[in-house]
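Student: File follows, entry_6.csv with CSV, C-alpha atoms:
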chain,number,residue,atom,x,y,z
A,665,MET,CA,57.9,110.7,111.5
A,666,THR,CA,60.8,111.5,113.8
A,667,GLU,CA,64.2,111.0,112.2
A,668,ARG,CA,66.1,108.2,113.8
A,669,ALA,CA,69.6,108.7,115.1
A,670,LYS,CA,72.4,106.9,113.3
A,671,PRO,CA,72.9,103.4,114.6
A,672,LEU,CA,76.2,104.2,116.4
A,673,ALA,CA,75.3,107.7,117.6
A,674,GLY,CA,76.7,108.3,121.1
A,675,LEU,CA,79.6,105.9,120.6
A,676,ARG,CA,82.9,107.7,121.2
A,677,VAL,CA,86.0,106.2,119.6
A,678,LEU,CA,89.6,107.3,120.1
A,679,ASP,CA,91.4,106.3,117.0
A,680,LEU,CA,95.2,106.0,117.0
A,681,THR,CA,95.5,104.1,113.7
A,682,ARG,CA,97.3,105.1,110.5
A,683,LEU,CA,97.5,104.2,106.9
A,684,LEU,CA,94.8,101.8,105.6
A,685,PRO,CA,93.4,99.0,107.9
A,686,GLY,CA,92.5,100.9,111.1
A,687,PRO,CA,91.4,104.1,109.3
A,688,VAL,CA,89.0,102.1,107.1
A,689,ALA,CA,87.6,100.4,110.2
A,690,THR,CA,87.0,103.6,112.0
A,691,GLN,CA,85.6,105.3,108.9
A,692,HIS,CA,82.9,102.5,108.9
A,693,LEU,CA,82.2,103.4,112.5
A,694,ALA,CA,82.1,107.1,111.7
A,695,ASP,CA,79.8,106.6,108.8
A,696,LEU,CA,77.4,104.8,111.1
A,697,GLY,CA,77.3,107.7,113.5
A,698,ALA,CA,80.1,107.1,115.9
A,699,ASP,CA,82.1,110.1,117.1
A,700,VAL,CA,85.5,109.1,115.9
A,701,VAL,CA,88.4,111.2,117.2
A,702,LYS,CA,91.5,110.7,115.0
A,703,ILE,CA,94.5,111.3,117.2
A,704,GLU,CA,97.8,112.0,115.5
A,705,ASP,CA,101.2,113.0,116.8
A,706,THR,CA,102.4,116.6,116.6
A,707,GLY,CA,104.9,115.7,114.0
A,708,GLU,CA,104.2,114.0,110.7
A,709,GLY,CA,101.0,112.4,111.9
A,710,ASP,CA,99.3,109.8,109.8
A,711,TYR,CA,101.7,109.0,107.0
A,712,ALA,CA,98.8,108.5,104.6
A,713,ARG,CA,98.4,112.3,104.5
A,714,SER,CA,101.4,112.7,102.2
A,715,MET,CA,101.3,109.5,100.2
A,716,GLY,CA,101.2,110.4,96.5
A,717,ALA,CA,100.4,114.0,97.3
A,718,ARG,CA,102.1,117.2,96.2
A,719,PRO,CA,103.8,119.2,98.9
A,720,GLY,CA,101.3,121.0,101.0
A,721,GLU,CA,98.4,118.9,99.9
A,722,THR,CA,96.5,116.1,101.5
A,723,SER,CA,96.6,112.8,99.5
A,724,THR,CA,93.5,111.4,97.8
A,725,PHE,CA,94.2,108.2,99.7
A,726,PHE,CA,93.9,109.9,103.1
A,727,ARG,CA,90.7,111.7,102.1
A,728,LEU,CA,89.1,108.5,101.0
A,729,VAL,CA,89.5,106.7,104.3
A,730,ASN,CA,89.1,109.4,107.0
A,731,ARG,CA,85.8,111.1,106.3
A,732,ASN,CA,83.3,111.8,109.1
A,733,LYS,CA,86.0,112.0,111.7
A,734,ARG,CA,87.3,114.7,114.0
A,735,ALA,CA,91.0,115.3,114.5
A,736,LEU,CA,93.2,116.0,117.5
A,737,ARG,CA,97.0,116.3,117.6
A,738,LEU,CA,98.6,114.9,120.7
A,739,ASP,CA,102.1,114.1,121.8
A,740,LEU,CA,101.8,110.8,123.6
A,741,LYS,CA,105.6,110.7,124.3
A,742,LYS,CA,105.1,113.5,126.9
A,743,PRO,CA,103.5,112.9,130.3
A,744,GLY,CA,101.1,115.8,129.6
A,745,GLY,CA,99.9,114.1,126.4
A,746,VAL,CA,99.3,110.9,128.2
A,747,ALA,CA,97.4,112.7,130.9
A,748,VAL,CA,95.2,114.3,128.2
A,749,PHE,CA,94.6,110.9,126.6
A,750,GLN,CA,93.6,109.3,129.9
A,751,ARG,CA,91.1,112.1,130.5
A,752,LEU,CA,89.6,111.6,127.1
A,753,THR,CA,89.3,107.9,127.8
A,754,LEU,CA,86.9,108.7,130.7
A,755,SER,CA,84.2,109.6,128.2
A,756,ALA,CA,85.2,107.1,125.4
A,757,ASP,CA,83.7,103.7,124.6
A,758,VAL,CA,86.5,102.5,122.4
A,759,VAL,CA,90.2,102.9,121.9
A,760,ILE,CA,91.6,101.4,118.6
A,761,GLU,CA,95.3,101.3,117.8
A,762,GLY,CA,97.6,99.6,115.3
A,763,PHE,CA,101.1,99.9,116.9
A,764,ARG,CA,103.4,96.9,117.5
A,765,PRO,CA,102.6,94.9,120.7
A,766,GLY,CA,103.8,96.6,123.8
A,767,VAL,CA,103.9,100.2,122.5
A,768,MET,CA,100.7,101.3,124.2
A,769,ASP,CA,101.8,99.7,127.5
A,770,LYS,CA,105.2,101.6,127.3
A,771,LEU,CA,103.3,104.8,126.8
A,772,GLY,CA,101.2,104.1,129.9
A,773,ILE,CA,97.9,103.8,128.0
A,774,GLY,CA,97.6,100.1,127.4
A,775,TYR,CA,94.4,98.2,128.2
A,776,GLU,CA,95.1,97.5,131.8
A,777,ALA,CA,96.0,101.1,132.5
A,778,LEU,CA,92.9,102.5,130.8
A,779,ALA,CA,90.5,99.9,132.2
A,780,ALA,CA,91.6,100.9,135.6
A,781,ILE,CA,90.2,104.4,135.0
A,782,ASN,CA,87.3,103.4,132.7
A,783,PRO,CA,86.3,99.7,133.2
A,784,ARG,CA,83.8,100.0,130.3
A,785,ILE,CA,86.5,100.7,127.7
A,786,VAL,CA,86.9,98.4,124.7
A,787,PHE,CA,90.5,98.4,123.6
A,788,CYS,CA,91.1,97.1,120.1
A,789,SER,CA,94.5,96.3,118.7
A,790,ILE,CA,95.1,95.7,115.0
A,791,THR,CA,98.4,94.1,114.2
A,792,GLY,CA,99.9,91.9,111.5
A,793,TYR,CA,100.6,88.9,113.7
A,794,GLY,CA,98.8,89.5,117.0
A,795,GLN,CA,99.8,90.3,120.5
A,796,ASP,CA,101.7,87.0,121.1
A,797,GLY,CA,103.4,84.2,119.3
A,798,PRO,CA,106.9,84.1,117.7
A,799,TYR,CA,106.1,86.6,115.0
A,800,ALA,CA,104.4,89.2,117.2
A,801,GLN,CA,107.1,91.8,116.9
A,802,ARG,CA,107.8,91.3,113.2
A,803,ALA,CA,107.1,94.0,110.7
A,804,GLY,CA,104.8,93.1,107.8
A,805,HIS,CA,102.5,94.2,105.1
A,806,ASP,CA,99.5,92.8,103.3
A,807,ILE,CA,101.6,90.6,101.0
A,808,ASN,CA,103.3,89.0,104.1
A,809,TYR,CA,100.0,88.3,105.9
A,810,ILE,CA,98.3,86.6,103.0
A,811,GLY,CA,101.5,84.7,102.3
A,812,TYR,CA,101.6,83.2,105.8
A,813,ALA,CA,97.8,82.5,105.6
A,814,GLY,CA,98.2,80.1,102.6
A,815,VAL,CA,96.1,82.5,100.5
A,816,LEU,CA,98.7,84.1,98.3
A,817,ASP,CA,99.9,80.7,97.2
A,818,GLN,CA,96.4,80.2,95.7
A,819,ILE,CA,96.3,83.4,93.6
A,820,GLY,CA,97.5,83.3,90.0
A,821,GLU,CA,97.6,81.1,87.0
A,822,ALA,CA,98.5,77.5,86.8
A,823,GLY,CA,102.2,76.9,86.3
A,824,ARG,CA,103.1,80.5,87.1
A,825,ALA,CA,104.2,82.4,90.3
A,826,PRO,CA,101.7,83.7,92.7
A,827,ALA,CA,100.1,86.9,91.6
A,828,VAL,CA,100.1,90.0,93.8
A,829,PRO,CA,96.5,91.2,94.1
A,830,ASN,CA,95.8,94.9,93.8
A,831,PHE,CA,93.3,94.5,96.6
A,832,GLN,CA,94.6,94.4,100.1
A,833,ILE,CA,93.0,91.2,101.4
A,834,GLY,CA,94.9,91.2,104.7
A,835,ASP,CA,94.5,94.9,105.4
A,836,LEU,CA,90.8,95.2,104.4
A,837,LEU,CA,89.4,91.8,105.4
A,838,GLY,CA,91.8,91.3,108.2
A,839,GLY,CA,92.4,94.8,109.5
A,840,ALA,CA,89.3,96.8,108.6
A,841,LEU,CA,86.3,94.4,108.8
A,842,ALA,CA,87.4,91.7,111.2
A,843,PRO,CA,88.1,94.1,114.1
A,844,LEU,CA,84.6,95.6,113.8
A,845,VAL,CA,83.0,92.2,114.8
A,846,GLY,CA,85.1,91.8,118.0
A,847,LEU,CA,84.9,95.5,118.8
A,848,LEU,CA,81.1,95.9,118.4
A,849,ALA,CA,80.5,92.6,120.2
A,850,SER,CA,82.5,93.9,123.1
A,851,VAL,CA,80.7,97.3,123.1
A,852,ILE,CA,77.4,95.5,123.3
A,853,ASP,CA,78.7,93.3,126.2
A,854,ALA,CA,80.2,96.4,128.0
A,855,ARG,CA,76.9,98.2,127.9
A,856,ALA,CA,75.2,95.2,129.5
A,857,SER,CA,77.9,94.2,132.0
A,858,GLY,CA,79.8,97.5,132.6
A,859,ARG,CA,83.0,95.8,131.7
A,860,GLY,CA,84.9,96.2,128.5
A,861,ARG,CA,87.4,93.9,126.8
A,862,CYS,CA,90.7,93.8,125.1
A,863,VAL,CA,90.2,92.9,121.4
A,864,ASP,CA,93.3,91.4,119.8
A,865,VAL,CA,93.0,91.1,116.0
A,866,ALA,CA,95.9,89.8,113.8
A,867,MET,CA,95.5,90.4,110.1
A,868,THR,CA,97.2,87.1,109.4
A,869,ASP,CA,94.7,85.3,111.6
A,870,ALA,CA,91.7,87.0,110.0
A,871,VAL,CA,92.8,85.9,106.5
A,872,PHE,CA,93.6,82.4,107.6
A,873,ALA,CA,90.2,82.1,109.3
A,874,HIS,CA,88.6,82.7,106.0
A,875,ALA,CA,90.8,80.4,103.9
A,876,VAL,CA,87.9,78.0,103.5
A,877,PHE,CA,88.3,76.8,100.0
A,878,PRO,CA,92.1,76.3,100.1
A,879,LEU,CA,91.5,74.1,103.2
A,880,ALA,CA,88.6,72.3,101.6
A,881,GLY,CA,90.9,71.6,98.6
A,882,LEU,CA,93.6,70.3,100.9
A,883,LEU,CA,91.3,68.0,102.7
A,884,ALA,CA,89.9,66.6,99.5
A,885,ARG,CA,93.3,65.9,97.9
A,886,LEU,CA,95.4,65.4,101.0
A,887,ALA,CA,97.8,67.8,99.3
A,888,PRO,CA,97.7,71.6,98.7
A,889,PRO,CA,95.4,72.6,95.9
A,890,PRO,CA,97.4,73.4,92.8
A,891,ARG,CA,97.4,77.1,91.9
A,892,GLY,CA,95.0,78.1,89.2
A,893,ALA,CA,93.7,74.6,88.9
A,894,ASP,CA,91.0,74.3,91.6
A,895,LEU,CA,87.3,74.7,91.2
A,896,LEU,CA,87.2,78.4,92.0
A,897,SER,CA,90.7,79.3,90.7
A,898,GLY,CA,90.5,78.5,87.0
A,899,GLY,CA,90.6,74.7,87.0
A,900,VAL,CA,87.3,74.1,85.2
A,901,PRO,CA,85.8,75.7,82.1
A,902,CYS,CA,82.7,77.1,83.8
A,903,TYR,CA,84.6,79.4,86.2
A,904,GLY,CA,87.3,81.7,84.9
A,905,VAL,CA,88.3,84.8,83.0
A,906,TYR,CA,88.4,84.8,79.2
A,907,ALA,CA,90.0,87.4,77.0
A,908,THR,CA,88.1,89.2,74.3
A,909,ALA,CA,89.2,90.4,70.9
A,910,ASP,CA,90.0,93.9,72.1
A,911,GLY,CA,92.2,92.8,75.0
A,912,ARG,CA,89.4,93.1,77.6
A,913,HIS,CA,87.9,90.2,79.6
A,914,MET,CA,84.7,88.4,80.5
A,915,ALA,CA,84.1,86.8,83.9
A,916,VAL,CA,82.4,83.4,83.6
A,917,GLY,CA,80.9,82.0,86.8
A,918,ALA,CA,78.5,79.4,85.4
A,919,LEU,CA,79.1,76.9,88.2
A,920,GLU,CA,75.6,75.5,88.1
A,921,LYS,CA,74.8,73.1,85.3
A,922,LYS,CA,71.8,75.1,84.2
A,923,PHE,CA,73.9,78.2,83.8
A,924,TRP,CA,76.6,76.4,81.9
A,925,GLU,CA,74.2,74.9,79.5
A,926,LEU,CA,72.6,78.2,78.9
A,927,LEU,CA,76.0,79.7,78.2
A,928,CYS,CA,76.8,77.0,75.7
A,929,ASP,CA,73.5,77.6,73.9
A,930,THR,CA,74.1,81.4,73.9
A,931,ILE,CA,77.5,81.0,72.1
A,932,GLU,CA,76.1,78.2,69.9
A,933,ARG,CA,78.4,75.6,71.2
A,934,PRO,CA,76.2,72.9,72.7
A,935,ASP,CA,79.1,70.4,72.2
A,936,LEU,CA,80.8,71.9,75.2
A,937,LYS,CA,77.9,71.0,77.6
A,938,PRO,CA,79.5,67.7,78.8
A,939,PHE,CA,82.6,69.6,80.0
A,940,HIS,CA,80.9,71.7,82.7
A,941,LEU,CA,83.1,70.6,85.6
A,942,ALA,CA,85.9,68.9,83.7
A,943,PHE,CA,89.3,68.9,85.2
A,944,GLY,CA,92.6,67.8,83.5
A,945,ALA,CA,93.0,67.3,79.8
A,946,LYS,CA,89.3,67.4,79.0
A,947,GLY,CA,88.9,70.6,81.0
A,948,GLU,CA,91.9,72.2,79.4
A,949,LYS,CA,90.5,71.4,75.9
A,950,ALA,CA,87.1,72.8,76.7
A,951,LYS,CA,88.7,76.0,78.2
A,952,ALA,CA,90.8,76.4,75.0
A,953,GLU,CA,87.6,76.1,72.9
A,954,LEU,CA,85.8,78.6,75.1
A,955,SER,CA,88.8,80.9,75.0
A,956,ALA,CA,88.8,80.9,71.2
A,957,VAL,CA,85.1,81.8,71.1
A,958,PHE,CA,85.5,84.8,73.4
A,959,ALA,CA,88.6,85.9,71.6
A,960,GLY,CA,86.6,86.2,68.4
A,961,GLN,CA,84.7,89.3,69.4
A,962,PRO,CA,85.3,92.4,71.5
A,963,GLN,CA,84.0,92.8,75.0
A,964,SER,CA,81.1,95.1,73.9
A,965,HIS,CA,79.8,92.3,71.7
A,966,TRP,CA,79.7,89.8,74.6
A,967,ILE,CA,78.2,92.3,77.0
A,968,ALA,CA,75.3,92.8,74.5
A,969,ARG,CA,75.1,89.1,73.8
A,970,PHE,CA,74.7,88.1,77.4
A,971,ALA,CA,72.8,91.2,78.6
A,972,GLY,CA,69.5,89.3,78.7
A,973,VAL,CA,70.9,85.9,79.5
A,974,ASP,CA,70.9,84.9,83.2
A,975,CYS,CA,73.9,82.6,83.3
A,976,CYS,CA,76.6,84.5,85.4
A,977,VAL,CA,78.6,85.8,82.5
A,978,THR,CA,79.7,89.5,83.0
A,979,PRO,CA,82.3,92.0,81.9
A,980,VAL,CA,85.5,92.6,83.9
A,981,LEU,CA,85.3,96.3,84.5
A,982,THR,CA,88.0,98.9,85.3
A,983,ILE,CA,87.5,100.9,88.5
A,984,ALA,CA,86.5,103.9,86.3
A,985,GLU,CA,83.8,101.8,84.7
A,986,ALA,CA,82.7,100.4,88.0
A,987,LEU,CA,82.1,104.0,89.3
A,988,ASP,CA,79.6,104.4,86.4
A,989,ASN,CA,78.1,101.0,86.6
A,990,GLU,CA,74.3,101.2,86.7
A,991,GLN,CA,73.9,98.7,89.5
A,992,LEU,CA,76.4,100.3,91.8
A,993,GLN,CA,74.9,103.7,90.9
A,994,ALA,CA,71.4,102.5,91.7
A,995,ARG,CA,72.6,101.2,95.1
A,996,GLY,CA,74.1,104.6,95.9
A,997,MET,CA,77.6,103.1,96.2
A,998,VAL,CA,79.3,106.2,94.7
A,999,VAL,CA,79.0,109.6,96.3
A,1000,GLU,CA,80.6,112.9,95.5
A,1001,ALA,CA,82.2,114.7,98.4
A,1002,ASP,CA,85.4,116.7,99.1
A,1003,GLY,CA,85.9,117.1,95.4
A,1004,LEU,CA,86.2,113.3,95.0
A,1005,PRO,CA,84.0,110.3,94.0
A,1006,GLN,CA,83.9,108.3,97.2
A,1007,LEU,CA,82.8,104.8,98.0
A,1008,ALA,CA,79.8,104.5,100.2
A,1009,PRO,CA,79.6,101.9,103.0
A,1010,PRO,CA,78.3,98.5,101.9
A,1011,TRP,CA,75.4,98.1,104.3
A,1012,LYS,CA,71.9,99.4,103.8
A,1013,LEU,CA,70.0,99.8,107.1
A,1014,SER,CA,66.4,100.7,107.4
A,1015,GLY,CA,65.9,104.1,109.0
A,1016,TYR,CA,69.5,105.1,108.2
A,1017,GLU,CA,70.7,107.2,105.3
A,1018,PHE,CA,74.5,107.4,104.7
A,1019,ALA,CA,75.9,110.9,104.5
A,1020,ILE,CA,79.3,112.5,104.5
A,1021,ASP,CA,78.9,115.1,107.2
A,1022,ARG,CA,82.6,115.9,107.4
A,1023,SER,CA,85.4,115.7,104.9
A,1024,ALA,CA,88.7,114.1,106.1
A,1025,PRO,CA,90.0,116.5,108.8
A,1026,ALA,CA,93.1,118.6,108.7
A,1027,PRO,CA,95.7,117.8,111.4
A,1028,GLY,CA,94.3,118.7,114.8
A,1029,GLN,CA,91.4,120.5,113.2
A,1030,HIS,CA,89.0,119.9,116.1
A,1031,SER,CA,91.5,119.9,119.0
A,1032,GLU,CA,90.0,122.8,120.9
A,1033,ASP,CA,86.4,121.5,120.6
A,1034,ILE,CA,87.4,118.0,121.7
A,1035,LEU,CA,89.4,119.3,124.7
A,1036,ARG,CA,86.6,121.6,125.8
A,1037,GLU,CA,84.2,118.7,125.7
A,1038,ALA,CA,86.6,116.9,128.1
A,1039,GLY,CA,86.4,119.8,130.5
A,1040,TYR,CA,89.5,121.8,129.6
A,1041,ALA,CA,89.4,125.6,129.9
A,1042,ASP,CA,90.7,127.8,127.2
A,1043,ALA,CA,93.7,128.8,129.3
A,1044,GLU,CA,94.6,125.1,129.8
A,1045,ILE,CA,94.3,124.4,126.1
A,1046,ASP,CA,96.6,127.4,125.4
A,1047,SER,CA,99.1,125.9,127.9
A,1048,LEU,CA,99.0,122.5,126.3
A,1049,ARG,CA,99.7,124.1,122.9
A,1050,ALA,CA,102.5,126.2,124.3
A,1051,GLN,CA,104.1,123.0,125.7
A,1052,GLY,CA,103.8,121.2,122.3
A,1053,ILE,CA,101.5,118.6,123.8
A,1054,ILE,CA,98.8,119.4,121.2
Just dump the structure as C-alpha cells.
Tutor:
Amino acid sequence: MTERAKPLAGLRVLDLTRLLPGPVATQHLADLGADVVKIEDTGEGDYARSMGARPGETSTFFRLVNRNKRALRLDLKKPGGVAVFQRLTLSADVVIEGFRPGVMDKLGIGYEALAAINPRIVFCSITGYGQDGPYAQRAGHDINYIGYAGVLDQIGEAGRAPAVPNFQIGDLLGGALAPLVGLLASVIDARASGRGRCVDVAMTDAVFAHAVFPLAGLLARLAPPPRGADLLSGGVPCYGVYATADGRHMAVGALEKKFWELLCDTIERPDLKPFHLAFGAKGEKAKAELSAVFAGQPQSHWIARFAGVDCCVTPVLTIAEALDNEQLQARGMVVEADGLPQLAPPWKLSGYEFAIDRSAPAPGQHSEDILREAGYADAEIDSLRAQGII
C-alpha cells in the first residue's frame, strides 16, 4: 500500500507568533504535515526560548510547543526584511501573527498589502480582544480574557474568591484551537475560489463563545450562577471533587441517576440515593456525608474499589501520573523526543501516523534553505546576512 501524505502536506505557513497560543496552533498544523516557517526577529526572538531556562539553553516550554517547524530570522523593521517576507508570501498559503492590531499594517505586511501580491493568502491574527472594539489595543493575558468572558467568575469554591486555573483556557481554547477552525475553513475556500481571507480571532471572544453553562445558568435563574454551586461546579453531591485520607482526591461525575445509585451501593451508603441532584441544605448535607466516606481511606483504596465499577468515579492525577496513565499511554498521547516526554496531538486520523520529524528549531536554523527555496542565490543570502536582515 502506498503511504499517504500527511493531511496538510503542501500547506506553507509563515508563523510570526510567540509564547503560547500561536505556537501551539502552528505546532498542530506542523504535526499534521504543514511546512511551518517560524519567523523570529534578529534580536531576542520568541521570548519563550529563555523562559525558565539557564543561560545559553533553550527552555523546555519552547521545545514543547515548537516541534516540526523550520526557523528563519528576519528583521521586519528594515525594508529589506519586509521585501524578503513579501517574497516568501508568494509561495505561502497562510500567514499567522499575534501582534497588537495595526502592527502588521505599519510594517507594510498587513492583510491588504499581502493579498495584493498573493490573493490566495489566508491571514490569521490572534489577539486578546480582536482587531476592533474599545479594548482592541489593550494588553492582556489569559486571566484577563477569561475574566471578561464571565468564565473566571465561575471557577472556584462557593463562598471563596475565583480560583486561578493552571490551565490557560483563553490561550489554548481561544488562541490555539479556535484560530485553526477559521484558518482551515479559509484555506479550503481559498483553494476553491482563489481568494483568501483575513481571520480575526480574539481570545476573549473564543472563551465567551463557549461559556454555554454559565449562560444556561443565568437564563435559568435570571441571575448569575453562584460560584461553586451550580450543577457542574460543585453544587450537587453527584458532581465534585472529594478529598481522600492521604490528601489526594477523587473526581465524582455520577450525573446520571444510574451512576449515582451504583456509587452509593459501592460505598455501602444506599441512604444517599435520594440526594442525587439535591441543591441547598439537603445537597450540602449529602456532600458532607460523601466527603466523610472518601476521607476515611487513601486514594489507592478508592481507585481499587471503583476499578471495576462503571459509575464515573476516578482519581485526580498529577501531571506526572497522567504521563504514565495506561489509557493515555495506550492512545499514544505521550512520545519521547528531544530528550523530553512530549504531548501528542489529540486527533487520530486514518492513514496518518503522528511523528516528530524535527525538534524545536534553533534561531534561524533553516534560514538558508528557506531563502533558497524562495529563489535567493547564495550571494544574495550572504548580502542579507551582512546587512543584518537575517
Student: Write out as a PyMOL selection string the residues lying within 8 Å of Ser723 of chain A, counting all atoms listed in the file and excluding same-chain residues fewer than 4 positions away.
Tutor: chain A and resi 712-718+727
Student: Just the number, please: distance in Å from atom CA of Gly686 of chain A to atom CA of Leu836 of chain A, one decimal.
Tutor: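 Straight-line distance from atom CA of Gly686 of chain A to atom CA of Leu836 of chain A works out to 9.0 Å.
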Student: Determine, counting only C-alpha atoms, which protein, DNA and RNA residues have an atom within 12 Å of an atom of segment 996-1007 of chain A; residues of the same chain fewer than 4 positions away are not included. Present the result as JSON, numbers by chain.
Tutor: {"A": [688, 691, 692, 695, 722, 723, 724, 725, 726, 727, 728, 729, 730, 731, 732, 983, 984, 985, 986, 987, 988, 989, 990, 991, 992, 1011, 1012, 1017, 1018, 1019, 1020, 1021, 1022, 1023, 1024, 1025]}
Student: Go ahead and find all residues with at least one atom no further than 12 Å from (95.9, 97.3, 126.7) in the file's coordinates, using all atoms listed in the file; report them as number ranges by chain.
Tutor: A: 758-780, 783, 785-790, 795, 860-864
Student: What's the separation between atom CA of Val865 of chain A and atom CA of Ala880 of chain A, in Å to one decimal place?
Tutor: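 For atom CA of Val865 of chain A relative to atom CA of Ala880 of chain A, the distance reads 24.1 Å.
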Student: Please measure the separation of atom CA of Gly947 of chain A and atom CA of Cys902 of chain A, giving the value in Å to one decimal.
Tutor: 9.4 Å
